[in-house]
file my_file.tsv (TSV, C-alpha atoms)
chain	number	residue	atom	x	y	z
A	1	MET	CA	193.60	214.64	124.12
A	2	THR	CA	195.77	217.60	123.17
A	3	ILE	CA	198.70	217.64	120.76
A	4	LYS	CA	201.46	219.99	121.82
A	5	ASN	CA	202.95	219.77	118.32
A	6	GLY	CA	200.49	220.87	115.89
A	7	ILE	CA	174.49	192.36	137.33
A	8	THR	CA	174.11	194.92	140.08
A	9	ARG	CA	176.22	197.97	140.20
A	10	ALA	CA	177.99	196.80	143.34
A	11	CYS	CA	178.80	193.43	141.74
A	12	ALA	CA	180.10	195.13	138.63
A	13	ALA	CA	182.38	197.33	140.73
A	14	ILE	CA	183.71	194.32	142.67
A	15	ALA	CA	184.28	192.38	139.46
A	16	TRP	CA	186.29	195.20	137.93
A	17	LEU	CA	188.45	195.61	141.01
A	18	ALA	CA	189.19	191.88	141.08
A	19	ALA	CA	190.35	191.93	137.46
A	20	ALA	CA	192.17	195.24	137.41
A	21	PRO	CA	195.97	195.41	137.50
A	22	LEU	CA	197.70	197.25	140.30
A	23	VAL	CA	198.08	200.91	139.35
A	24	PRO	CA	199.55	203.94	141.09
A	25	LEU	CA	196.16	205.67	141.30
A	26	THR	CA	193.88	205.41	144.31
A	27	ILE	CA	190.37	204.21	143.47
A	28	ASP	CA	187.72	204.23	146.16
A	29	VAL	CA	185.46	201.22	146.57
A	30	ALA	CA	181.88	202.39	146.18
A	31	SER	CA	178.75	201.30	147.96
A	32	ALA	CA	175.86	200.03	145.85
A	33	ASP	CA	174.23	203.46	146.04
A	34	GLU	CA	177.40	205.27	144.94
A	35	ALA	CA	178.55	202.94	142.16
A	36	CYS	CA	178.59	204.44	138.67
A	37	THR	CA	178.34	208.04	139.82
A	38	SER	CA	182.03	209.03	139.62
A	39	VAL	CA	185.07	208.31	137.47
A	40	ASN	CA	187.13	208.04	140.67
A	41	ILE	CA	185.51	204.74	141.64
A	42	ALA	CA	185.17	201.48	139.76
A	43	ARG	CA	182.64	202.07	137.00
A	44	CYS	CA	179.64	199.92	136.29
A	45	VAL	CA	179.88	197.54	133.36
A	46	GLN	CA	177.28	196.49	130.80
A	47	LYS	CA	177.92	193.37	128.73
A	48	LEU	CA	177.06	193.98	125.08
A	49	PRO	CA	176.12	191.57	122.28
A	50	THR	CA	179.00	193.12	120.30
A	51	GLY	CA	181.37	191.26	122.66
A	52	ILE	CA	182.42	194.38	124.57
A	53	ASP	CA	182.02	194.95	128.30
A	54	MET	CA	181.24	198.66	128.33
A	55	ALA	CA	182.09	200.66	131.45
A	56	TYR	CA	180.08	203.75	132.22
A	57	VAL	CA	179.30	206.47	134.75
A	58	GLU	CA	175.73	207.63	135.37
A	59	VAL	CA	174.02	210.37	137.37
A	60	GLY	CA	170.41	211.43	137.60
A	61	PRO	CA	167.14	209.47	137.82
A	62	ALA	CA	166.72	206.28	135.83
A	63	ASP	CA	163.55	207.66	134.27
A	64	GLY	CA	165.12	211.01	133.37
A	65	LYS	CA	165.69	212.30	129.85
A	66	PRO	CA	168.86	210.54	128.66
A	67	VAL	CA	171.99	212.46	127.69
A	68	ILE	CA	174.95	210.34	126.54
A	69	LEU	CA	178.50	211.75	126.60
A	70	ILE	CA	181.19	210.21	124.39
A	71	HIS	CA	184.93	210.88	124.80
A	72	GLY	CA	187.80	211.22	122.35
A	73	LEU	CA	190.83	209.18	121.28
A	74	THR	CA	192.62	207.40	124.20
A	75	ASP	CA	190.37	209.25	126.67
A	76	SER	CA	187.59	207.87	128.87
A	77	ALA	CA	184.46	209.00	130.69
A	78	ARG	CA	186.82	211.16	132.78
A	79	SER	CA	187.01	213.56	129.83
A	80	TRP	CA	183.41	214.62	130.47
A	81	MET	CA	183.53	214.57	134.29
A	82	LEU	CA	183.49	218.35	134.88
A	83	SER	CA	180.80	219.10	132.32
A	84	MET	CA	178.80	216.10	133.50
A	85	ASP	CA	178.78	217.44	137.06
A	86	ALA	CA	177.89	220.94	135.87
A	87	LEU	CA	175.06	219.65	133.66
A	88	HIS	CA	173.69	217.56	136.52
A	89	LYS	CA	173.59	220.66	138.73
A	90	LEU	CA	171.82	222.63	136.01
A	91	ASP	CA	169.14	219.95	135.61
A	92	PRO	CA	169.13	217.13	138.20
A	93	LYS	CA	166.24	215.51	136.33
A	94	LEU	CA	168.45	214.52	133.40
A	95	ARG	CA	169.81	210.98	133.18
A	96	ILE	CA	173.42	211.64	132.17
A	97	ILE	CA	175.62	208.74	131.09
A	98	ALA	CA	179.30	208.94	130.13
A	99	VAL	CA	180.67	205.77	128.54
A	100	ASP	CA	184.12	204.30	128.00
A	101	LEU	CA	184.43	203.27	124.36
A	102	ARG	CA	185.90	199.87	123.52
A	103	GLY	CA	189.49	199.54	124.68
A	104	HIS	CA	189.34	202.86	126.53
A	105	GLY	CA	189.10	203.50	130.25
A	106	GLN	CA	187.67	200.44	131.97
A	107	SER	CA	185.90	198.95	128.91
A	108	SER	CA	187.19	195.74	127.37
A	109	MET	CA	189.05	195.46	124.09
A	110	PRO	CA	187.76	193.45	121.14
A	111	ASP	CA	189.17	189.92	120.94
A	112	ALA	CA	192.91	189.82	120.28
A	113	LYS	CA	192.75	186.64	118.19
A	114	THR	CA	190.60	188.42	115.66
A	115	CYS	CA	191.87	191.98	115.96
A	116	ALA	CA	195.59	191.94	116.80
A	117	PRO	CA	196.81	191.49	113.19
A	118	ALA	CA	194.88	194.58	112.04
A	119	PRO	CA	193.42	196.54	114.99
A	120	GLU	CA	191.86	199.13	112.70
A	121	ALA	CA	189.40	196.49	111.47
A	122	CYS	CA	187.91	196.35	114.98
A	123	TYR	CA	187.99	200.06	115.82
A	124	ARG	CA	186.05	201.59	112.95
A	125	ILE	CA	183.84	204.50	113.92
A	126	SER	CA	180.91	202.26	112.97
A	127	ASP	CA	182.15	199.69	115.52
A	128	LEU	CA	182.30	202.30	118.26
A	129	ALA	CA	178.84	203.57	117.33
A	130	GLY	CA	177.53	200.00	117.26
A	131	ASP	CA	178.63	199.51	120.86
A	132	VAL	CA	176.79	202.67	121.95
A	133	ILE	CA	173.63	201.59	120.13
A	134	ALA	CA	173.89	198.15	121.74
A	135	PHE	CA	174.36	199.82	125.12
A	136	MET	CA	171.20	201.85	124.59
A	137	ASP	CA	169.29	198.71	123.65
A	138	GLU	CA	170.49	196.91	126.77
A	139	LYS	CA	169.50	199.89	128.91
A	140	ASN	CA	166.13	200.22	127.17
A	141	ILE	CA	167.00	203.75	125.99
A	142	HIS	CA	165.11	204.39	122.77
A	143	LYS	CA	166.26	207.96	122.18
A	144	ALA	CA	168.89	210.23	123.73
A	145	ASP	CA	170.61	213.55	123.34
A	146	PHE	CA	174.31	213.10	122.54
A	147	ALA	CA	177.47	215.12	123.09
A	148	GLY	CA	180.71	213.79	121.63
A	149	HIS	CA	184.24	215.15	121.81
A	150	SER	CA	186.71	214.75	118.91
A	151	MET	CA	186.62	211.04	118.01
A	152	GLY	CA	183.45	210.86	120.08
A	153	SER	CA	181.92	213.55	117.87
A	154	PHE	CA	182.37	211.24	114.89
A	155	VAL	CA	180.66	208.47	116.85
A	156	VAL	CA	177.74	210.85	117.43
A	157	GLN	CA	177.74	211.74	113.72
A	158	GLU	CA	177.61	208.03	112.85
A	159	ILE	CA	174.66	207.34	115.15
A	160	ALA	CA	172.79	210.44	113.96
A	161	LEU	CA	173.34	209.55	110.30
A	162	THR	CA	172.45	205.87	110.56
A	163	HIS	CA	169.84	205.95	113.34
A	164	PRO	CA	168.40	209.48	113.43
A	165	GLU	CA	165.35	208.18	115.27
A	166	MET	CA	167.61	207.47	118.27
A	167	VAL	CA	169.05	211.00	118.48
A	168	GLY	CA	167.21	213.99	119.91
A	169	HIS	CA	170.06	216.48	119.63
A	170	ALA	CA	173.66	216.06	118.46
A	171	ILE	CA	176.38	218.19	120.08
A	172	LEU	CA	179.70	217.91	118.24
A	173	ASN	CA	182.61	219.20	120.31
A	174	ALA	CA	186.00	219.78	118.58
A	175	THR	CA	184.98	218.18	115.33
A	176	GLY	CA	185.14	218.33	111.57
A	177	ALA	CA	183.43	216.84	108.55
A	178	LYS	CA	186.30	214.40	108.10
A	179	SER	CA	189.51	213.10	109.65
A	180	VAL	CA	190.97	211.70	106.43
A	181	GLY	CA	194.23	213.56	105.82
A	182	ASN	CA	194.28	215.16	109.27
A	183	ALA	CA	197.91	216.19	109.72
A	184	ALA	CA	197.99	216.17	113.51
A	185	LEU	CA	196.50	212.69	113.78
A	186	GLY	CA	198.22	211.20	110.76
A	187	ASP	CA	201.68	212.72	110.87
A	188	PHE	CA	202.28	213.27	114.58
A	189	VAL	CA	200.21	210.62	116.34
A	190	LEU	CA	200.35	207.74	113.87
A	191	ASN	CA	203.47	208.17	111.75
A	192	GLN	CA	205.87	209.80	114.21
A	193	THR	CA	204.77	208.17	117.43
A	194	ILE	CA	202.75	204.94	117.13
A	195	GLU	CA	204.26	203.61	113.90
A	196	GLY	CA	207.44	205.61	114.37
A	197	ALA	CA	209.21	205.69	117.73
A	198	TRP	CA	207.04	203.10	119.50
A	199	LYS	CA	207.05	200.62	116.65
A	200	LYS	CA	210.82	200.89	116.22
A	201	ALA	CA	211.42	200.32	119.93
A	202	LEU	CA	209.14	197.27	120.07
A	203	GLU	CA	210.55	195.70	116.92
A	204	ALA	CA	214.01	196.12	118.45
A	205	LYS	CA	212.71	193.88	121.26
A	206	GLY	CA	211.70	191.22	118.75
A	207	LYS	CA	208.00	192.08	118.65
A	208	ALA	CA	206.03	191.80	115.43
A	209	PHE	CA	204.03	194.96	114.88
A	210	PRO	CA	201.09	195.12	115.37
A	211	ALA	CA	200.29	191.45	116.05
A	212	ASP	CA	202.52	191.07	119.12
A	213	VAL	CA	201.80	194.43	120.71
A	214	TYR	CA	197.99	194.48	120.83
A	215	GLU	CA	197.80	194.09	124.61
A	216	LEU	CA	200.99	195.98	125.43
A	217	THR	CA	201.03	199.64	126.47
A	218	PRO	CA	203.09	202.69	125.51
A	219	LEU	CA	205.23	201.97	128.59
A	220	ASP	CA	206.37	198.72	126.96
A	221	ALA	CA	207.66	200.75	124.03
A	222	ASP	CA	209.09	203.61	126.06
A	223	PRO	CA	209.66	203.51	129.84
A	224	LYS	CA	209.35	207.31	129.75
A	225	ALA	CA	206.03	207.24	127.90
A	226	GLU	CA	204.28	209.01	130.76
A	227	GLU	CA	206.65	211.96	130.34
A	228	TRP	CA	205.95	212.05	126.59
A	229	ILE	CA	202.18	211.85	127.15
A	230	ALA	CA	202.27	214.62	129.77
A	231	ALA	CA	204.31	216.86	127.49
A	232	ASN	CA	202.51	216.17	124.21
A	233	TRP	CA	199.11	214.58	124.72
A	234	THR	CA	197.42	215.38	128.03
A	235	ILE	CA	198.67	218.94	128.12
A	236	ASP	CA	196.18	221.82	128.17
A	237	PRO	CA	197.21	225.27	129.46
A	238	ALA	CA	193.56	226.31	129.82
A	239	ALA	CA	192.65	223.38	132.08
A	240	GLU	CA	193.25	223.05	135.81
A	241	ALA	CA	196.31	220.97	136.71
A	242	SER	CA	194.32	218.97	139.27
A	243	PHE	CA	191.92	217.81	136.55
A	244	LEU	CA	194.75	216.76	134.24
A	245	GLU	CA	196.79	214.90	136.87
A	246	PRO	CA	195.08	211.49	136.56
A	247	TYR	CA	195.15	211.60	132.76
A	248	THR	CA	198.79	210.76	132.18
A	249	PRO	CA	198.95	207.42	134.02
A	250	GLU	CA	195.54	206.40	132.70
A	251	THR	CA	196.49	207.20	129.12
A	252	ALA	CA	199.81	205.40	129.49
A	253	ARG	CA	197.88	202.24	130.41
A	254	THR	CA	195.70	202.36	127.30
A	255	LYS	CA	196.66	199.31	125.24
A	256	LEU	CA	198.52	199.78	121.97
A	257	GLY	CA	195.82	197.87	120.11
A	258	THR	CA	193.48	200.71	120.99
A	259	TRP	CA	196.02	203.41	120.13
A	260	ILE	CA	196.60	201.80	116.72
A	261	GLY	CA	193.06	200.75	115.93
A	262	ALA	CA	191.21	203.85	117.09
A	263	THR	CA	193.69	206.25	115.49
A	264	LYS	CA	193.47	204.48	112.14
A	265	GLY	CA	189.72	204.10	112.46
A	266	LEU	CA	189.35	207.82	113.05
A	267	LEU	CA	191.71	208.70	110.18
A	268	ALA	CA	189.55	206.66	107.81
A	269	GLN	CA	186.43	208.73	108.51
A	270	ASP	CA	185.09	211.14	105.88
A	271	ASN	CA	181.54	212.40	106.40
A	272	SER	CA	181.80	215.40	104.09
A	273	ALA	CA	179.05	214.10	101.81
A	274	ARG	CA	177.09	212.16	104.41
A	275	LEU	CA	176.64	215.19	106.69
A	276	GLN	CA	174.68	216.86	103.91
A	277	SER	CA	171.87	214.49	104.94
A	278	MET	CA	172.02	215.28	108.66
A	279	SER	CA	168.43	215.27	109.88
A	280	VAL	CA	168.70	215.89	113.64
A	281	PRO	CA	169.28	219.23	115.40
A	282	THR	CA	173.04	219.74	115.63
A	283	LEU	CA	175.36	222.10	117.51
A	284	VAL	CA	179.06	222.33	116.69
A	285	MET	CA	181.44	223.70	119.35
A	286	TRP	CA	184.93	224.78	118.31
A	287	ALA	CA	187.78	226.55	120.10
A	288	THR	CA	190.07	229.06	118.43
A	289	GLN	CA	193.25	227.23	119.52
A	290	ASP	CA	192.14	223.74	118.49
A	291	SER	CA	195.34	222.21	117.08
A	292	ILE	CA	193.66	219.12	115.62
A	293	TYR	CA	190.49	220.27	113.85
A	294	LEU	CA	191.43	223.62	112.38
A	295	ALA	CA	189.55	226.61	111.01
A	296	LYS	CA	189.46	225.04	107.55
A	297	ASP	CA	187.78	221.98	109.04
A	298	GLN	CA	185.08	224.29	110.41
A	299	ASP	CA	184.48	225.74	106.97
A	300	GLU	CA	183.94	222.21	105.67
A	301	ILE	CA	181.49	221.10	108.35
A	302	LYS	CA	179.53	224.35	108.11
A	303	ALA	CA	179.24	223.88	104.35
A	304	ALA	CA	177.98	220.31	104.83
A	305	LEU	CA	175.42	221.42	107.41
A	306	LYS	CA	174.34	224.27	105.14
A	307	ALA	CA	173.47	221.69	102.51
A	308	ALA	CA	171.69	219.60	105.16
A	309	ALA	CA	169.65	222.62	106.24
A	310	ALA	CA	168.49	223.13	102.65
A	311	LYS	CA	167.29	219.52	102.52
A	312	SER	CA	165.76	219.21	105.97
A	313	GLY	CA	164.63	222.72	106.79
A	314	LEU	CA	166.40	222.40	110.14
A	315	THR	CA	168.49	225.14	111.70
A	316	PHE	CA	171.95	224.11	112.89
A	317	TYR	CA	174.33	226.06	115.11
A	318	TRP	CA	178.09	226.58	115.24
A	319	LYS	CA	179.66	228.23	118.29
A	320	GLU	CA	183.19	229.49	118.92
A	321	TYR	CA	185.06	229.25	122.22
A	322	GLY	CA	188.13	231.37	122.99
A	323	LYS	CA	189.30	234.58	121.35
A	324	LEU	CA	192.94	234.17	120.35
A	325	PRO	CA	193.82	232.28	117.16
A	326	LEU	CA	196.15	229.30	117.03
A	327	PRO	CA	199.72	230.66	117.24
A	328	ALA	CA	202.40	230.07	114.62
A	329	SER	CA	203.69	227.08	116.59
A	330	GLY	CA	200.51	225.21	115.74
A	331	ALA	CA	200.07	224.40	119.44
A	332	GLN	CA	197.50	225.60	121.95
A	333	GLU	CA	199.35	228.09	124.12
A	334	THR	CA	197.23	230.98	125.38
A	335	ASP	CA	193.51	230.17	125.09
A	336	ILE	CA	190.92	227.39	124.96
A	337	GLY	CA	191.93	224.54	122.66
A	338	HIS	CA	190.88	221.12	121.45
A	339	ASN	CA	189.59	219.85	124.79
A	340	ILE	CA	186.90	222.45	125.30
A	341	GLN	CA	185.10	220.54	128.05
A	342	TRP	CA	188.32	220.13	130.08
A	343	SER	CA	188.66	223.87	130.59
A	344	ALA	CA	185.32	225.56	129.83
A	345	ALA	CA	183.27	222.84	131.51
A	346	GLU	CA	180.54	225.05	132.92
A	347	THR	CA	179.91	226.94	129.69
A	348	VAL	CA	179.88	223.68	127.75
A	349	ALA	CA	177.27	222.32	130.18
A	350	LYS	CA	175.19	225.50	129.83
A	351	ASP	CA	175.33	225.26	126.05
A	352	ILE	CA	174.34	221.59	126.08
A	353	ASN	CA	171.44	222.33	128.42
A	354	ALA	CA	170.32	225.35	126.40
A	355	PHE	CA	170.52	223.46	123.11
A	356	ILE	CA	168.52	220.44	124.25
A	357	THR	CA	165.88	222.62	125.90
A	358	THR	CA	165.60	225.67	123.62
A	359	GLY	CA	167.23	224.51	120.38
A	360	ALA	CA	170.06	227.06	120.53
A	361	PRO	CA	173.26	227.53	122.60
A	362	THR	CA	173.86	230.43	124.96
A	363	MET	CA	175.37	233.65	123.68
A	364	ASP	CA	178.14	233.60	126.30
A	365	LEU	CA	181.72	234.15	125.16
A	366	VAL	CA	184.30	232.29	127.23
A	367	HIS	CA	188.05	232.69	126.85
A	368	SER	CA	191.30	232.48	128.81
A	369	ASP	CA	192.62	235.30	130.94
A	370	ALA	CA	195.90	237.00	130.07
A	371	ALA	CA	199.29	235.42	130.80
A	372	PRO	CA	200.13	233.65	132.99
A	373	ASN	CA	196.55	232.87	134.07
A	374	PHE	CA	195.44	230.84	131.06
A	375	SER	CA	193.45	228.39	133.20
A	376	LYS	CA	191.40	231.29	134.57
A	377	LEU	CA	188.48	231.75	132.22
A	378	ILE	CA	186.50	234.92	131.58
A	379	VAL	CA	182.84	234.69	130.60
A	380	GLU	CA	181.29	237.60	128.72
A	381	PRO	CA	177.49	237.23	128.48
A	382	GLY	CA	175.96	238.13	125.14
A	383	LYS	CA	179.27	238.39	123.29
A	384	GLY	CA	179.53	234.85	121.94
A	385	VAL	CA	180.31	234.09	118.31
A	386	VAL	CA	177.39	231.92	117.25
A	387	GLU	CA	176.47	231.15	113.65
A	388	LYS	CA	172.99	230.03	112.71
A	389	ILE	CA	173.17	227.64	109.76
A	390	GLU	CA	169.90	227.50	107.83
A	391	LYS	CA	168.62	227.22	104.29
call {"tool": "encode", "arguments": {"input": "my_file.tsv", "output": "structure tokens"}}
result
Amino acid sequence: MTIKNGITRACAAIAWLAAAPLVPLTIDVASADEACTSVNIARCVQKLPTGIDMAYVEVGPADGKPVILIHGLTDSARSWMLSMDALHKLDPKLRIIAVDLRGHGQSSMPDAKTCAPAPEACYRISDLAGDVIAFMDEKNIHKADFAGHSMGSFVVQEIALTHPEMVGHAILNATGAKSVGNAALGDFVLNQTIEGAWKKALEAKGKAFPADVYELTPLDADPKAEEWIAANWTIDPAAEASFLEPYTPETARTKLGTWIGATKGLLAQDNSARLQSMSVPTLVMWATQDSIYLAKDQDEIKAALKAAAAKSGLTFYWKEYGKLPLPASGAQETDIGHNIQWSAAETVAKDINAFITTGAPTMDLVHSDAAPNFSKLIVEPGKGVVEKIEK
């Protein structure tokens, strides 16, 4: 997301199509051989002991080295589609899996009877991580390399901190050491929008908030929600318009229980102290016009990893994308921003591949072209800003 202001596979695909509501998007029915390989077809689904039916996309051989990609708040596996394709081309032997977290994309929500009165109790980062761990167990994946974006980066942090034996490498894309007190998420997303305009509109319709709105969508609160989402949430001047086009209607269909629960769950996360015990190789990727996790957040996570390096002897890496700083508006306008993998997909894939194979990212600098060609990226080999974090 971006904030402008500041069971066989074939059977699983058929089952999803039978249960899915009619939507304005065209989804192709896949053959058994094609199922799971694209976000543009019905995804495969794995039932989990956590009670969630987790949808996922997978490419590469079943016996390949696993790489698991985890998306951000209100996103889905689509968020990683471009980088997933690029990574697969770089190394077709990898088994690359992009999942839909609970309540996102085509994955099920936790039970409304239990969760509707307080969705945040069912969308803790530990809950999201628990689903991924359960998914790995069901798929007989004992260890994987992980890349997580934004909220997904905190899921990766959680898995690496609680089950380091399951993580080969951790790639944290658009992240921080904490989300507690995050102004963009707390003030704009939660207070102004979810518990502001949307809550007011739904209560005016006689709905108790949040108990009665768990399975409703932003469109139930605001018939023009798609316009708001396009203008404030799924906007990214560095990304191609064709990639962004499906995002608005998909995001507008994300249930309010997920919006509420996942936002509050993310805002409750503070790993400032816990990250000082990080014991798996870690790469942080950050873009200069990230409007959610700011430069000060990077200082905090680098300090935590510095302490971890002193304890573990590991070397961690932090890499910068883009060149131009966040403008005074507080919004991404002229360079790569929060959704690094939406725009700089190929460089992200190269950095993931380099990190999991050599232990360090590439030294490529990638940034937007000059106005008005912000979605045209320029790659300058050897000029990247990469910090080695060691004891």
call {"tool": "closest_residue", "arguments": {"input": "my_file.tsv", "among": "A:Asn140, A:Ser38, A:Asn232, A:Thr263", "to": "Cys122 of chain A", "atoms": "all atoms listed in the file"}}
result
A:Thr263
call {"tool": "closest_residue", "arguments": {"input": "my_file.tsv", "among": "A:Tyr123, A:Tyr247, A:Phe355, A:Trp80", "to": "Ala262 of chain A", "atoms": "all atoms listed in the file"}}
result
A:Tyr123
call {"tool": "residues_around", "arguments": {"input": "my_file.tsv", "residues": "Glu390 of chain A", "least_positions_apart": "6", "cutoff": "10 Å", "atoms": "all atoms listed in the file", "output": "ChimeraX atom specification"}}
result
/A:305-317
call {"tool": "closest_residue", "arguments": {"input": "my_file.tsv", "among": "A:Ala129, A:Ala231, A:Ala112, A:Leu161", "to": "Ala273 of chain A", "atoms": "only C-alpha atoms"}}
result
A:Leu161
call {"tool": "closest_residue", "arguments": {"input": "my_file.tsv", "among": "A:Asp75, A:Asp53, A:Glu387, A:Glu120", "to": "Gly257 of chain A", "atoms": "only C-alpha atoms"}}
result
A:Glu120
